[in-house]
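Peer 1: I'd like to ask some things about the structure below.
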Amino acid sequence: QVQLVESGGGLVQAGGSLRLSCVASENIFSINAMYWYRQAPGVQREFIATITNDGSTNYADFVKGRFTISRDIDKNTVYLQMNSLKPEDTGVYYCHARRGRSAYWGQGTQVTVSS
């Protein structure tokens with residue numbers, strides 16, 4: 001069982017930046033891929049970014065050029081650097097991990113972007 005703990009959310013003005021962190025309870029090399037998702041009120045949870053255990057990254061089109069996913073293997077931590085934030089980026093951001101057929105979610109961290 002992999003436990004994921006997110007942090008770094010908060011209230012920021014449009015155009016501002018935040019960095020989210022997700023700390024895993026196990027070595028992230030043992031995890032096939034880690035993801036960031038978000039969910040706005042009344043909207044289905046949506047994919048934001050992923051990083052695989054070989055370091056490959058992929059992003060949703062609507063965050064490309066603004067968000068960057070990265071990792072610190074020594075700290076078992078994955079980050080999401082969010083720049084040029086927009087009000088529509090508001091939501092609960094979740095860390096997600098997949099290992100084999102197993103999937104794990106963190107509790108989420110709230111990001112609110114004011115206009």
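In the structure tokens, the first chain shown is A, the next is B, and so on; residue numbers restart at 1 for each chain, and ligands run from 1 in the order shown.
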Would you kindly return, as a PDB file with N, CA and C atoms, in the first residue's frame, each protein, DNA or RNA residue with an atom no farther than 10 Å from any atom of A:Ser102, considering only C-alpha atoms and excluding same-chain residues fewer than 4 positions away?

Peer 2:
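Final file, selection_3.pdb:
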ATOM      1  N   GLN A   1       0.846  -1.188   0.000  1.00  0.00           N
ATOM      2  CA  GLN A   1       0.000   0.000   0.000  1.00  0.00           C
ATOM      3  C   GLN A   1       0.887   1.246   0.000  1.00  0.00           C
ATOM      4  N   VAL A   2       0.754   2.051  -1.030  1.00  0.00           N
ATOM      5  CA  VAL A   2       1.527   3.287  -1.131  1.00  0.00           C
ATOM      6  C   VAL A   2       0.676   4.433  -0.595  1.00  0.00           C
ATOM      7  N   ILE A  31       7.511   2.614  -8.273  1.00  0.00           N
ATOM      8  CA  ILE A  31       6.198   3.003  -8.792  1.00  0.00           C
ATOM      9  C   ILE A  31       6.329   3.261 -10.289  1.00  0.00           C
ATOM     10  N   ALA A  97      -0.693   7.389  -8.017  1.00  0.00           N
ATOM     11  CA  ALA A  97       0.423   6.504  -8.341  1.00  0.00           C
ATOM     12  C   ALA A  97      -0.119   5.165  -8.831  1.00  0.00           C
ATOM     13  N   ARG A  98       0.583   4.586  -9.768  1.00  0.00           N
ATOM     14  CA  ARG A  98       0.218   3.265 -10.282  1.00  0.00           C
ATOM     15  C   ARG A  98       1.428   2.356 -10.198  1.00  0.00           C
TER      16      ARG A  98
END

Peer 1: Work out how far atom CA of A:Tyr104 is from atom CA of A:Val63, in Å to one decimal.

Peer 2: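 We find that atom CA of A:Val63 and atom CA of A:Tyr104 lie 22.9 Å from each other.
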
Peer 1: Could you pull out all residues of stretch 10-106 of chain A with a DSSP call of strand (DSSP E or B) and give them as a ChimeraX atom specification?

Peer 2: /A:10-13,18-24,33-39,46-52,57-59,67-72,77-82,91-99,102-105

Peer 1: Looking at only C-alpha atoms, which of A:Cys95, A:Leu18, A:Ala49, A:Ala60 is the one that sits closest to A:Asn83?

Peer 2: A:Leu18

Peer 1: Restricting the calculation to only C-alpha atoms: of A:Thr77, A:Thr68, A:Ser114, A:Ser7, which residue gets closest to A:Ser25?

Peer 2: A:Thr77
